[in-house]
$ cat work_11.cif   # mmCIF, C-alpha atoms
data_final
loop_
_atom_site.group_PDB
_atom_site.id
_atom_site.type_symbol
_atom_site.label_atom_id
_atom_site.label_comp_id
_atom_site.auth_asym_id
_atom_site.auth_seq_id
_atom_site.Cartn_x
_atom_site.Cartn_y
_atom_site.Cartn_z
ATOM 1 C CA MET A 261 26.382 -25.747 -21.924
ATOM 2 C CA ARG A 262 25.512 -24.941 -25.499
ATOM 3 C CA GLY A 263 25.803 -21.564 -27.136
ATOM 4 C CA TYR A 264 29.275 -20.403 -26.079
ATOM 5 C CA PRO A 265 31.239 -18.291 -26.738
ATOM 6 C CA VAL A 266 28.940 -15.274 -26.346
ATOM 7 C CA ALA A 267 29.679 -11.644 -27.209
ATOM 8 C CA ILE A 268 28.099 -8.976 -25.020
ATOM 9 C CA ILE A 269 27.991 -5.486 -26.506
ATOM 10 C CA SER A 270 26.682 -2.132 -25.295
ATOM 11 C CA ASP A 271 26.493 1.555 -26.145
ATOM 12 C CA VAL A 272 26.694 1.318 -29.924
ATOM 13 C CA HIS A 273 25.382 4.877 -30.229
ATOM 14 C CA ALA A 274 24.577 4.728 -33.934
ATOM 15 C CA ASN A 275 28.230 4.113 -34.846
ATOM 16 C CA LEU A 276 27.857 1.737 -37.778
ATOM 17 C CA GLU A 277 31.576 1.419 -38.504
ATOM 18 C CA ALA A 278 32.361 0.370 -34.926
ATOM 19 C CA LEU A 279 29.433 -2.075 -34.761
ATOM 20 C CA THR A 280 30.346 -3.665 -38.079
ATOM 21 C CA ALA A 281 33.979 -4.083 -36.996
ATOM 22 C CA VAL A 282 32.982 -5.713 -33.709
ATOM 23 C CA LEU A 283 30.574 -8.153 -35.327
ATOM 24 C CA LYS A 284 33.183 -9.085 -37.929
ATOM 25 C CA GLU A 285 35.551 -9.859 -35.059
ATOM 26 C CA THR A 286 32.968 -11.902 -33.149
ATOM 27 C CA GLU A 287 32.244 -13.948 -36.249
ATOM 28 C CA ALA A 288 35.954 -14.680 -36.649
ATOM 29 C CA LEU A 289 36.083 -15.776 -32.998
ATOM 30 C CA GLY A 290 33.264 -18.282 -33.521
ATOM 31 C CA VAL A 291 30.757 -16.457 -31.341
ATOM 32 C CA LYS A 292 27.441 -18.301 -31.147
ATOM 33 C CA ARG A 293 25.245 -15.587 -29.632
ATOM 34 C CA VAL A 294 25.328 -11.789 -29.159
ATOM 35 C CA PHE A 295 23.609 -9.951 -26.289
ATOM 36 C CA PHE A 296 23.042 -6.175 -26.288
ATOM 37 C CA LEU A 297 22.934 -3.922 -23.200
ATOM 38 C CA GLY A 298 21.314 -0.775 -24.565
ATOM 39 C CA ASP A 299 21.924 2.601 -26.215
ATOM 40 C CA ALA A 300 21.664 1.579 -29.825
ATOM 41 C CA VAL A 301 21.170 5.235 -30.752
ATOM 42 C CA GLY A 302 22.289 8.703 -29.672
ATOM 43 C CA TYR A 303 25.455 10.630 -30.564
ATOM 44 C CA GLY A 304 26.152 8.846 -33.869
ATOM 45 C CA PRO A 305 24.995 9.229 -37.484
ATOM 46 C CA ASP A 306 23.479 5.811 -38.370
ATOM 47 C CA PRO A 307 20.645 5.030 -35.930
ATOM 48 C CA ASP A 308 18.369 3.050 -38.265
ATOM 49 C CA SER A 309 21.160 0.875 -39.674
ATOM 50 C CA CYS A 310 22.530 0.050 -36.236
ATOM 51 C CA VAL A 311 19.109 -0.780 -34.818
ATOM 52 C CA GLU A 312 18.383 -3.068 -37.756
ATOM 53 C CA ILE A 313 21.632 -4.979 -37.212
ATOM 54 C CA ILE A 314 21.031 -5.258 -33.462
ATOM 55 C CA ARG A 315 17.461 -6.435 -34.041
ATOM 56 C CA GLU A 316 18.619 -9.114 -36.476
ATOM 57 C CA GLN A 317 21.767 -10.335 -34.737
ATOM 58 C CA CYS A 318 21.275 -9.943 -30.972
ATOM 59 C CA GLN A 319 19.474 -12.764 -29.219
ATOM 60 C CA TYR A 320 18.715 -10.670 -26.127
ATOM 61 C CA ALA A 321 18.638 -6.879 -25.830
ATOM 62 C CA VAL A 322 17.671 -4.276 -23.240
ATOM 63 C CA ALA A 323 16.966 -0.543 -23.466
ATOM 64 C CA GLY A 324 19.351 2.288 -22.629
ATOM 65 C CA ASN A 325 18.718 5.889 -21.625
ATOM 66 C CA HIS A 326 19.364 7.247 -25.128
ATOM 67 C CA ASP A 327 16.954 4.692 -26.570
ATOM 68 C CA TRP A 328 14.310 5.966 -24.164
ATOM 69 C CA ALA A 329 15.209 9.603 -24.854
ATOM 70 C CA VAL A 330 14.392 9.426 -28.573
ATOM 71 C CA LEU A 331 11.033 7.869 -27.643
ATOM 72 C CA GLY A 332 10.217 10.663 -25.202
ATOM 73 C CA LEU A 333 10.367 8.253 -22.234
ATOM 74 C CA THR A 334 13.343 9.983 -20.594
ATOM 75 C CA PRO A 335 13.206 13.811 -20.369
ATOM 76 C CA LEU A 336 15.803 15.515 -22.550
ATOM 77 C CA ASP A 337 16.778 17.849 -19.716
ATOM 78 C CA TYR A 338 18.472 14.770 -18.206
ATOM 79 C CA PHE A 339 21.182 15.188 -20.880
ATOM 80 C CA ASN A 340 23.909 17.752 -21.471
ATOM 81 C CA THR A 341 23.549 20.155 -24.390
ATOM 82 C CA ASP A 342 25.432 18.064 -26.964
ATOM 83 C CA ALA A 343 23.733 14.797 -26.037
ATOM 84 C CA ARG A 344 20.349 16.521 -26.095
ATOM 85 C CA GLU A 345 21.006 17.967 -29.551
ATOM 86 C CA ALA A 346 22.026 14.531 -30.842
ATOM 87 C CA ALA A 347 18.939 12.930 -29.299
ATOM 88 C CA GLU A 348 16.684 15.526 -30.914
ATOM 89 C CA TRP A 349 18.320 14.920 -34.295
ATOM 90 C CA THR A 350 17.970 11.158 -33.873
ATOM 91 C CA ALA A 351 14.303 11.443 -32.953
ATOM 92 C CA SER A 352 13.702 13.515 -36.074
ATOM 93 C CA VAL A 353 15.229 11.002 -38.523
ATOM 94 C CA ILE A 354 14.542 7.459 -37.273
ATOM 95 C CA THR A 355 11.879 5.299 -38.886
ATOM 96 C CA GLU A 356 8.752 3.996 -37.232
ATOM 97 C CA GLN A 357 10.224 0.496 -37.381
ATOM 98 C CA THR A 358 13.203 1.697 -35.347
ATOM 99 C CA ARG A 359 10.862 3.334 -32.838
ATOM 100 C CA GLN A 360 8.830 0.178 -32.453
ATOM 101 C CA TYR A 361 11.896 -1.954 -31.828
ATOM 102 C CA LEU A 362 13.335 0.441 -29.244
ATOM 103 C CA ARG A 363 9.962 0.614 -27.528
ATOM 104 C CA SER A 364 9.833 -3.178 -27.309
ATOM 105 C CA LEU A 365 13.069 -3.471 -25.331
ATOM 106 C CA PRO A 366 12.837 -4.307 -21.609
ATOM 107 C CA LEU A 367 14.920 -2.510 -19.006
ATOM 108 C CA SER A 368 16.538 -5.740 -17.836
ATOM 109 C CA CYS A 369 16.705 -9.390 -18.735
ATOM 110 C CA SER A 370 17.327 -12.412 -16.508
ATOM 111 C CA LEU A 371 18.764 -15.566 -18.050
ATOM 112 C CA SER A 372 18.292 -17.529 -14.868
ATOM 113 C CA LYS A 373 19.264 -20.944 -16.245
ATOM 114 C CA GLU A 374 22.634 -19.539 -17.279
ATOM 115 C CA GLY A 375 23.039 -17.357 -14.199
ATOM 116 C CA LEU A 376 23.239 -14.124 -16.222
ATOM 117 C CA PHE A 377 21.526 -10.759 -15.669
ATOM 118 C CA LEU A 378 21.536 -8.034 -18.338
ATOM 119 C CA VAL A 379 20.857 -4.338 -17.649
ATOM 120 C CA HIS A 380 22.042 -1.036 -19.088
ATOM 121 C CA SER A 381 22.528 1.024 -15.933
ATOM 122 C CA THR A 382 22.049 -0.645 -12.540
ATOM 123 C CA PRO A 383 20.119 -3.684 -11.294
ATOM 124 C CA LYS A 384 18.946 -1.642 -8.293
ATOM 125 C CA ASP A 385 16.938 0.914 -10.282
ATOM 126 C CA PRO A 386 17.303 0.484 -14.064
ATOM 127 C CA SER A 387 15.078 3.404 -15.101
ATOM 128 C CA ALA A 388 16.912 5.941 -12.903
ATOM 129 C CA TRP A 389 19.937 5.629 -15.218
ATOM 130 C CA ASN A 390 22.452 5.752 -12.374
ATOM 131 C CA TYR A 391 26.079 4.752 -12.939
ATOM 132 C CA ILE A 392 28.299 2.118 -11.360
ATOM 133 C CA LEU A 393 31.603 3.956 -11.080
ATOM 134 C CA SER A 394 33.115 2.620 -7.867
ATOM 135 C CA LEU A 395 33.293 -0.434 -5.637
ATOM 136 C CA TYR A 396 30.832 1.329 -3.337
ATOM 137 C CA ASP A 397 28.335 1.590 -6.210
ATOM 138 C CA ALA A 398 28.887 -2.065 -7.049
ATOM 139 C CA GLU A 399 28.436 -3.132 -3.440
ATOM 140 C CA LYS A 400 25.030 -1.437 -3.315
ATOM 141 C CA ASN A 401 23.897 -3.267 -6.437
ATOM 142 C CA PHE A 402 25.009 -6.850 -5.818
ATOM 143 C CA GLN A 403 21.969 -7.482 -3.646
ATOM 144 C CA TYR A 404 19.557 -6.534 -6.453
ATOM 145 C CA PHE A 405 20.207 -9.505 -8.719
ATOM 146 C CA GLU A 406 20.151 -13.200 -7.881
ATOM 147 C CA GLU A 407 22.128 -14.445 -10.855
ATOM 148 C CA ARG A 408 25.819 -15.217 -10.661
ATOM 149 C CA ILE A 409 26.935 -12.573 -13.169
ATOM 150 C CA CYS A 410 25.484 -9.119 -13.876
ATOM 151 C CA PHE A 411 26.457 -7.306 -17.077
ATOM 152 C CA VAL A 412 26.106 -3.518 -17.390
ATOM 153 C CA GLY A 413 27.063 -0.705 -19.758
ATOM 154 C CA HIS A 414 26.116 2.998 -19.568
ATOM 155 C CA SER A 415 29.384 4.540 -18.318
ATOM 156 C CA HIS A 416 31.385 3.488 -21.424
ATOM 157 C CA ARG A 417 34.159 2.415 -19.022
ATOM 158 C CA PRO A 418 34.765 -1.331 -18.811
ATOM 159 C CA PHE A 419 35.531 -3.203 -15.606
ATOM 160 C CA ILE A 420 35.351 -6.699 -14.136
ATOM 161 C CA ILE A 421 34.495 -6.978 -10.435
ATOM 162 C CA GLU A 422 34.766 -10.314 -8.640
ATOM 163 C CA ARG A 423 33.001 -10.650 -5.299
ATOM 164 C CA LEU A 424 34.562 -13.269 -3.050
ATOM 165 C CA PRO A 425 32.642 -15.380 -0.486
ATOM 166 C CA SER A 426 34.128 -13.087 2.174
ATOM 167 C CA GLN A 427 32.319 -10.187 0.397
ATOM 168 C CA GLU A 428 35.670 -8.649 -0.518
ATOM 169 C CA MET A 429 35.682 -7.320 -4.085
ATOM 170 C CA VAL A 430 38.561 -7.650 -6.548
ATOM 171 C CA ILE A 431 38.906 -5.626 -9.758
ATOM 172 C CA HIS A 432 40.266 -7.299 -12.892
ATOM 173 C CA SER A 433 41.349 -5.040 -15.726
ATOM 174 C CA GLU A 434 41.007 -7.226 -18.818
ATOM 175 C CA SER A 435 39.881 -10.776 -18.031
ATOM 176 C CA VAL A 436 38.858 -13.170 -15.296
ATOM 177 C CA ARG A 437 38.606 -16.925 -14.931
ATOM 178 C CA PHE A 438 35.397 -17.704 -13.078
ATOM 179 C CA ARG A 439 35.483 -19.361 -9.673
ATOM 180 C CA ALA A 440 32.476 -21.356 -8.494
ATOM 181 C CA SER A 441 32.261 -19.611 -5.116
ATOM 182 C CA CYS A 442 32.316 -16.059 -6.516
ATOM 183 C CA ARG A 443 29.850 -13.640 -8.101
ATOM 184 C CA TYR A 444 30.626 -11.026 -10.744
ATOM 185 C CA MET A 445 29.627 -7.617 -12.049
ATOM 186 C CA ILE A 446 31.041 -6.716 -15.455
ATOM 187 C CA ASN A 447 30.853 -3.500 -17.458
ATOM 188 C CA VAL A 448 31.372 -4.515 -21.084
ATOM 189 C CA GLY A 449 32.461 -1.051 -22.251
ATOM 190 C CA SER A 450 31.216 0.763 -25.336
ATOM 191 C CA VAL A 451 31.220 -0.279 -28.967
ATOM 192 C CA GLY A 452 30.513 3.138 -30.417
ATOM 193 C CA GLN A 453 31.958 5.662 -27.988
ATOM 194 C CA PRO A 454 34.565 4.403 -25.488
ATOM 195 C CA ARG A 455 35.433 6.786 -22.653
ATOM 196 C CA ASP A 456 38.362 5.128 -20.922
ATOM 197 C CA GLY A 457 41.072 6.678 -23.085
ATOM 198 C CA ASP A 458 41.096 3.902 -25.684
ATOM 199 C CA PRO A 459 39.143 4.881 -28.832
ATOM 200 C CA ARG A 460 38.889 1.318 -30.135
ATOM 201 C CA ALA A 461 35.502 -0.393 -29.955
ATOM 202 C CA CYS A 462 35.091 -2.560 -26.844
ATOM 203 C CA PHE A 463 33.058 -5.691 -26.162
ATOM 204 C CA LEU A 464 33.082 -8.697 -23.835
ATOM 205 C CA LEU A 465 33.846 -12.239 -24.930
ATOM 206 C CA LEU A 466 32.175 -14.728 -22.575
ATOM 207 C CA SER A 467 32.617 -18.469 -22.197
ATOM 208 C CA GLU A 468 31.626 -20.869 -19.429
ATOM 209 C CA GLU A 469 35.088 -20.563 -17.899
ATOM 210 C CA ARG A 470 36.068 -16.911 -18.346
ATOM 211 C CA ALA A 471 35.254 -13.391 -19.469
ATOM 212 C CA GLU A 472 37.598 -11.215 -21.524
ATOM 213 C CA LEU A 473 37.326 -7.589 -22.614
ATOM 214 C CA ARG A 474 38.306 -7.261 -26.261
ATOM 215 C CA ARG A 475 39.233 -4.187 -28.354
ATOM 216 C CA VAL A 476 38.643 -3.732 -32.061
ATOM 217 C CA PRO A 477 40.026 -0.879 -34.211
ATOM 218 C CA TYR A 478 37.748 0.698 -36.800
ATOM 219 C CA ASP A 479 37.866 3.621 -39.215
ATOM 220 C CA LEU A 480 36.509 6.275 -36.881
ATOM 221 C CA ARG A 481 37.184 9.035 -39.403
ATOM 222 C CA VAL A 482 34.381 7.666 -41.574
ATOM 223 C CA THR A 483 32.029 7.984 -38.603
ATOM 224 C CA GLN A 484 33.301 11.484 -37.898
ATOM 225 C CA GLN A 485 32.722 12.560 -41.504
ATOM 226 C CA LYS A 486 29.158 11.265 -41.389
ATOM 227 C CA MET A 487 28.525 13.106 -38.122
ATOM 228 C CA LYS A 488 29.864 16.314 -39.628
ATOM 229 C CA ARG A 489 27.587 15.978 -42.665
ATOM 230 C CA GLN A 490 24.590 15.563 -40.375
ATOM 231 C CA GLY A 491 25.509 18.656 -38.372
ATOM 232 C CA LEU A 492 26.026 16.794 -35.114
ATOM 233 C CA PRO A 493 27.932 18.641 -32.345
ATOM 234 C CA GLN A 494 31.652 19.134 -32.920
ATOM 235 C CA PHE A 495 32.519 17.969 -29.417
ATOM 236 C CA LEU A 496 30.900 14.602 -30.069
ATOM 237 C CA ILE A 497 32.832 14.301 -33.321
ATOM 238 C CA GLN A 498 36.205 15.079 -31.765
ATOM 239 C CA ARG A 499 35.850 12.928 -28.659
ATOM 240 C CA LEU A 500 35.693 9.713 -30.721
ATOM 241 C CA GLU A 501 39.394 9.880 -31.533
ATOM 242 C CA ARG A 502 40.349 10.572 -27.915
ATOM 243 C CA GLY A 503 38.211 7.859 -26.358
ATOM 244 C CA VAL A 504 36.872 10.213 -23.682
#
$ encode --input "work_11.cif" --output "structure tokens"
Amino acid sequence: MRGYPVAIISDVHANLEALTAVLKETEALGVKRVFFLGDAVGYGPDPDSCVEIIREQCQYAVAGNHDWAVLGLTPLDYFNTDAREAAEWTASVITEQTRQYLRSLPLSCSLSKEGLFLVHSTPKDPSAWNYILSLYDAEKNFQYFEERICFVGHSHRPFIIERLPSQEMVIHSESVRFRASCRYMINVGSVGQPRDGDPRACFLLLSEERAELRRVPYDLRVTQQKMKRQGLPQFLIQRLERGV
């Protein structure tokens, strides 16, 4: 099949330094296509620049809850105080071109010929912005997509779940080699704000044979300095270096 390897990214959150580092890495790896799973904006200091790069370089993209929030499509009372403050700031500074692009994004995308399904939150109910945090959550969602592999973001915590023909589910921490009889659900982690204890930017490298979670270091202090200049919440600034 043409077009491999593929990079799948999510949760950039207006972190230009992290996005630039990841795309530099994907170019070095010979990536042919990039798919995006939502949350281009929110939290970070460079929403317009990140959206422009995603618009130009991602072949397929879907919307995330923060993307909807800055458009007024998701109520801000859904968010905690810091996230709400960042969303309000983002909504006040983004261009109309950025708004139009975010508004154009679907909630999910099926690449049926390749057996891939893209969504930010869950295939069961994408606009409810629920999380997949356990095998129980995954089990509920496998029946809501027909494709072989479902890719999600949203929680900022990567995982690879393999569902066997027996319906047993196996968790892989970093990579998996695909088996013809199995189906998969993969959280590709977060480019701009990881929350699994590793502050490096995270993305998924996909080929026909396997999937691998990759980590990329970036100069997060530059991002933090930008956030500070924009008056974004201190908690959001500090959590970048902790990866939480």
$ closest_residue --input "work_11.cif" --among "A:Arg423, A:His414, A:Lys292, A:Arg408" --to "Val379 (chain A)" --atoms "all atoms listed in the file"
A:His414
$ atom_distance --input "work_11.cif" --atom1 "CA of Asn275 (chain A)" --atom2 "CA of Pro307 (chain A)"
7.7 Å
$ resolve_selection --input "work_11.cif" --expression "the PyMOL selection byres ((chain A and resi 432) around 10)" --output "list in words"
Phe419, Ile420, Ile421, Glu422, Met429, Val430, Ile431, Ser433, Glu434, Ser435, Val436, Arg437, Ile446 and Glu472 of chain A
$ atom_distance --input "work_11.cif" --atom1 "CA of Gln490 (chain A)" --atom2 "CA of Trp349 (chain A)"
8.8 Å
$ closest_residue --input "work_11.cif" --among "A:Pro383, A:Pro493, A:Pro425, A:Pro305" --to "Ala351 (chain A)" --atoms "all atoms listed in the file"
A:Pro305
$ axis_aligned_box --input "work_11.cif" --around "region 334-340 of chain A" --padding-each-side "5 Å" --output "AutoDock Vina command-line options"
--center_x 18.6 --center_y 13.9 --center_z -20.4 --size_x 20.7 --size_y 17.9 --size_z 14.3
$ residues_around --input "work_11.cif" --residues "Val476 (chain A)" --least-positions-apart "2" --cutoff "12 Å" --atoms "all atoms listed in the file" --output "number ranges by chain"
A: 277-286, 449-452, 454, 458-464, 473-474, 478-480
$ write_last_selection --input "work_11.cif" --atoms "C-alpha atoms" --output "PDB file, in the frame of the given file"
ATOM      1  CA  GLU A 277      31.576   1.419 -38.504  1.00  0.00           C
ATOM      2  CA  ALA A 278      32.361   0.370 -34.926  1.00  0.00           C
ATOM      3  CA  LEU A 279      29.433  -2.075 -34.761  1.00  0.00           C
ATOM      4  CA  THR A 280      30.346  -3.665 -38.079  1.00  0.00           C
ATOM      5  CA  ALA A 281      33.979  -4.083 -36.996  1.00  0.00           C
ATOM      6  CA  VAL A 282      32.982  -5.713 -33.709  1.00  0.00           C
ATOM      7  CA  LEU A 283      30.574  -8.153 -35.327  1.00  0.00           C
ATOM      8  CA  LYS A 284      33.183  -9.085 -37.929  1.00  0.00           C
ATOM      9  CA  GLU A 285      35.551  -9.859 -35.059  1.00  0.00           C
ATOM     10  CA  THR A 286      32.968 -11.902 -33.149  1.00  0.00           C
ATOM     11  CA  GLY A 449      32.461  -1.051 -22.251  1.00  0.00           C
ATOM     12  CA  SER A 450      31.216   0.763 -25.336  1.00  0.00           C
ATOM     13  CA  VAL A 451      31.220  -0.279 -28.967  1.00  0.00           C
ATOM     14  CA  GLY A 452      30.513   3.138 -30.417  1.00  0.00           C
ATOM     15  CA  PRO A 454      34.565   4.403 -25.488  1.00  0.00           C
ATOM     16  CA  ASP A 458      41.096   3.902 -25.684  1.00  0.00           C
ATOM     17  CA  PRO A 459      39.143   4.881 -28.832  1.00  0.00           C
ATOM     18  CA  ARG A 460      38.889   1.318 -30.135  1.00  0.00           C
ATOM     19  CA  ALA A 461      35.502  -0.393 -29.955  1.00  0.00           C
ATOM     20  CA  CYS A 462      35.091  -2.560 -26.844  1.00  0.00           C
ATOM     21  CA  PHE A 463      33.058  -5.691 -26.162  1.00  0.00           C
ATOM     22  CA  LEU A 464      33.082  -8.697 -23.835  1.00  0.00           C
ATOM     23  CA  LEU A 473      37.326  -7.589 -22.614  1.00  0.00           C
ATOM     24  CA  ARG A 474      38.306  -7.261 -26.261  1.00  0.00           C
ATOM     25  CA  TYR A 478      37.748   0.698 -36.800  1.00  0.00           C
ATOM     26  CA  ASP A 479      37.866   3.621 -39.215  1.00  0.00           C
ATOM     27  CA  LEU A 480      36.509   6.275 -36.881  1.00  0.00           C
TER      28      LEU A 480
END
$ resolve_selection --input "work_11.cif" --expression "the PyMOL selection byres ((chain A and resi 300) around 12)" --output "number ranges by chain"
A: 269-276, 278-279, 296-299, 301-315, 318, 321-330, 347, 350, 354, 358-359, 361-363, 365, 380, 413-414, 450-453
$ resolve_selection --input "work_11.cif" --expression "the PyMOL selection byres ((chain A and resi 455) around 6)" --output "list in words"
His416, Arg417, Pro454, Asp456, Gly457, Gly503 and Val504 of chain A
$ closest_residue --input "work_11.cif" --among "A:Arg475, A:Ala343, A:Phe295, A:Asn401" --to "Leu378 (chain A)" --atoms "all atoms listed in the file"
A:Phe295
$ closest_residue --input "work_11.cif" --among "A:Ala440, A:Ile392, A:Leu367, A:Ile409" --to "Leu466 (chain A)" --atoms "all atoms listed in the file"
A:Ile409
$ atom_distance --input "work_11.cif" --atom1 "CA of Leu492 (chain A)" --atom2 "CA of Phe339 (chain A)"
15.1 Å
$ residues_around --input "work_11.cif" --residues "Tyr264 (chain A)" --least-positions-apart "4" --cutoff "10 Å" --atoms "all atoms listed in the file" --output "PyMOL selection string"
chain A and resi 290-294+465-468
$ closest_residue --input "work_11.cif" --among "A:Phe402, A:Tyr391, A:Tyr396, A:Phe438" --to "Ser415 (chain A)" --atoms "all atoms listed in the file"
A:Tyr391
$ closest_residue --input "work_11.cif" --among "A:Glu406, A:Met445, A:Val482, A:Thr334" --to "Leu371 (chain A)" --atoms "only C-alpha atoms"
A:Glu406
$ residues_around --input "work_11.cif" --residues "Phe495 (chain A)" --least-positions-apart "3" --cutoff "8 Å" --atoms "only C-alpha atoms" --output "ChimeraX atom specification"
/A:342,498-499
$ write_last_selection --input "work_11.cif" --atoms "C-alpha atoms" --output "PDB file, in the frame of the given file"
ATOM      1  CA  ASP A 342      25.432  18.064 -26.964  1.00  0.00           C
ATOM      2  CA  GLN A 498      36.205  15.079 -31.765  1.00  0.00           C
ATOM      3  CA  ARG A 499      35.850  12.928 -28.659  1.00  0.00           C
TER       4      ARG A 499
END
$ residues_around --input "work_11.cif" --residues "Glu407 (chain A)" --least-positions-apart "4" --cutoff "10 Å" --atoms "only C-alpha atoms" --output "list in words"
Ser370, Leu371, Ser372, Lys373, Glu374, Gly375, Leu376, Phe377, Leu378, Phe402, Arg443 and Tyr444 of chain A
$ decode --input "work_11.cif" --residues "region 457-470 of chain A" --atoms "N, CA and C atoms" --output "CSV table (one decimal), in the first residue's frame"
chain,number,residue,atom,x,y,z
A,457,GLY,N,3.7,11.7,32.5
A,457,GLY,CA,5.0,11.8,33.2
A,457,GLY,C,6.2,12.0,32.4
A,458,ASP,N,6.1,12.0,31.1
A,458,ASP,CA,7.2,12.2,30.2
A,458,ASP,C,6.9,13.5,29.4
A,459,PRO,N,7.6,14.6,29.6
A,459,PRO,CA,7.3,15.9,29.0
A,459,PRO,C,7.7,16.0,27.6
A,460,ARG,N,8.4,15.0,27.0
A,460,ARG,CA,8.7,15.0,25.6
A,460,ARG,C,7.4,14.9,24.7
A,461,ALA,N,7.5,15.5,23.6
A,461,ALA,CA,6.3,15.4,22.6
A,461,ALA,C,6.2,14.0,22.2
A,462,CYS,N,4.9,13.6,22.0
A,462,CYS,CA,4.6,12.2,21.6
A,462,CYS,C,3.8,12.1,20.3
A,463,PHE,N,4.1,11.1,19.5
A,463,PHE,CA,3.3,10.9,18.3
A,463,PHE,C,3.4,9.4,18.0
A,464,LEU,N,2.6,9.0,17.0
A,464,LEU,CA,2.6,7.6,16.6
A,464,LEU,C,3.2,7.5,15.2
A,465,LEU,N,4.1,6.5,15.0
A,465,LEU,CA,4.6,6.2,13.7
A,465,LEU,C,3.9,4.9,13.2
A,466,LEU,N,3.3,5.0,12.1
A,466,LEU,CA,2.5,3.9,11.6
A,466,LEU,C,3.0,3.4,10.3
A,467,SER,N,3.1,2.0,10.1
A,467,SER,CA,3.4,1.4,8.9
A,467,SER,C,2.3,0.3,8.6
A,468,GLU,N,2.4,-0.4,7.5
A,468,GLU,CA,1.5,-1.5,7.3
A,468,GLU,C,1.7,-2.6,8.3
A,469,GLU,N,2.9,-2.8,8.8
A,469,GLU,CA,3.2,-3.9,9.7
A,469,GLU,C,3.1,-3.6,11.2
A,470,ARG,N,3.3,-2.3,11.6
A,470,ARG,CA,3.4,-2.1,13.0
A,470,ARG,C,3.1,-0.6,13.3
